[in-house]
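Here the structure comes first, spelled out in structure tokens, and everything after it is commentary.
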Amino acid sequence: MFRQLLRTATPLAHRQAAIATKRTSIVPQSLMRYYSASGLTKDDVTTRIVDVIKAYDKSLAAKPISLESTYNKDLGLDSLDTVELIVAIEEEFEIEIPDKVADELKNVGETVDYIVSNPDAN
Amino acid sequence: MVNQQNLLQVYKQLIKAIVKNDRRSKIIQRANEISKEISLLSYQKINLLRQPSNEDTKAKLSKLRSVQEIDSKINKLKAEDPKCDKNMLYISNSMKTDIREDMKAILIKENDRQINRKLNNFIDIAAFLNNQREYDELIERYNLGSRGLTQDEVVKRTANKVGLDVPL
């Protein structure tokens with residue numbers, strides 16, 4: 001009887017060991033997938049956003065745009081203009097920026113950071 | 001009382017719907033324009049090259065230069081990708097000013113109830129545009145290859161669906 005018990009116990013232990021090894025092998029894979037999914041670098045996002053801003057208006061195309069430029073003061077955009085810009089950026093990166101977050105985005109740098117941190121952006 | 005936040009939200013919805021709606025057709029249109037321009041330029045180039053070459057060196061040089069010019073234009077057009085054109089992300093200026101004037105006029109003239117009604121109207125427009133776009137996408141997805149059929153072909157296919165032939 002004991003022998004029988006032992007017999008059933010050993011395969012179980014084997015199985016558990018197998019599951020454990022499987023688990024450890026999965027972890028790095030999912031990590032890799034995560035990194036490859038958000039393949040946007042900060043420089044990439046910055047140039048694209050600057051291009052989007054410059055396409056808005058001829059007067060903007062001539063202005064120097066840096067990460068610190070605020071939409072309101074430096075670029076001279078009113079609230080409606082900013083809304084249009086946010087919509088354009090949403091379309092460019094194929095994401096939805098919630099209204100609450102969009103209200104907080106006051107300058108180019110903050111927008112870049114938000115998009116880099118958003119895993120859906122591409 | 002209509003607050004600014006509310007107004008901005010409505011404006012955003014409307015702009016977004018219009019941009020999404022127009023962008024695809026604009027991209028297709030631009031791609032068509034590009035291919036047309038390229039074929040026109042290559043036609044010009046071929047015509048230039050075909051001309052009899054019994055001219056003096058100066059004329060030949062200027063011909064060569066214009067051929068090079070056409071070549072660079074063609075290359076520029078080929079490199080252009082309408083999908084990356086950032087201008088497609090914005091609505092046209094005339095449409096923008098129209099919408100803004102409308103909103104301004106509503107805000108100044110009407111009372112609160114009227115304003116709310118008109119703003120709802122804007123929201124409805126946005127919803128209509130979104131639904132229409134989705135409808136078009138679904139139609140295309142369910143009828144693969146139906147884009148670009150002429151009216152006659154559509155009629156013929158519809159007739160074929162129910163086992164009829166269009167009389168010649």
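FYI, nothing fancy with the structure tokens labels: chains A, B, ... in order, residues from 1 per chain, ligands from 1 as they appear.
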Please provide the set of residues having any atom within 12 Å of Asn107 in chain A, restricted to only C-alpha atoms, with same-chain residues fewer than 3 positions apart removed, written as a PyMOL selection string.
-> chain A and resi 46+49-50+53+65-77+82+85-86+102-104+110-114
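The interface of chain A with chain B at 8 Å, considering only C-alpha atoms, consists of A:Asp51, A:Val52, A:Ala55, A:Tyr56, A:Ser79, A:Leu80, A:Val83, A:Glu84, A:Val87, A:Ala88, A:Ile89, A:Glu91, A:Glu92, A:Asp99.
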Expected answer as a ChimeraX atom specification: alpha helix (DSSP H) residues in range 83-149 of chain B | /B:93-109,112-142
Of the listed residues B:Val155, B:Ala126, B:Met103, B:Ala79, that which approaches Pro167 in chain B most closely, counting only C-alpha atoms |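 Going through B:Val155, B:Ala126, B:Met103, B:Ala79 one by one, the smallest distance to Pro167 in chain B is for B:Val155.
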Counting only C-alpha atoms, figure out which residue out of A:Asp81, A:Asp43, A:Glu90, A:Glu96 gets nearest to Leu60 in chain A.
-> A:Asp81
Spatial neighbours of Leu129 in chain B, 8 Å, only C-alpha atoms, chain gap at least 2 places, as a ChimeraX atom specification | /B:17-18,21,125-127,131-133
A straight line from CA of Asn130 in chain B to CA of Lys26 in chain B spans 16.4 Å
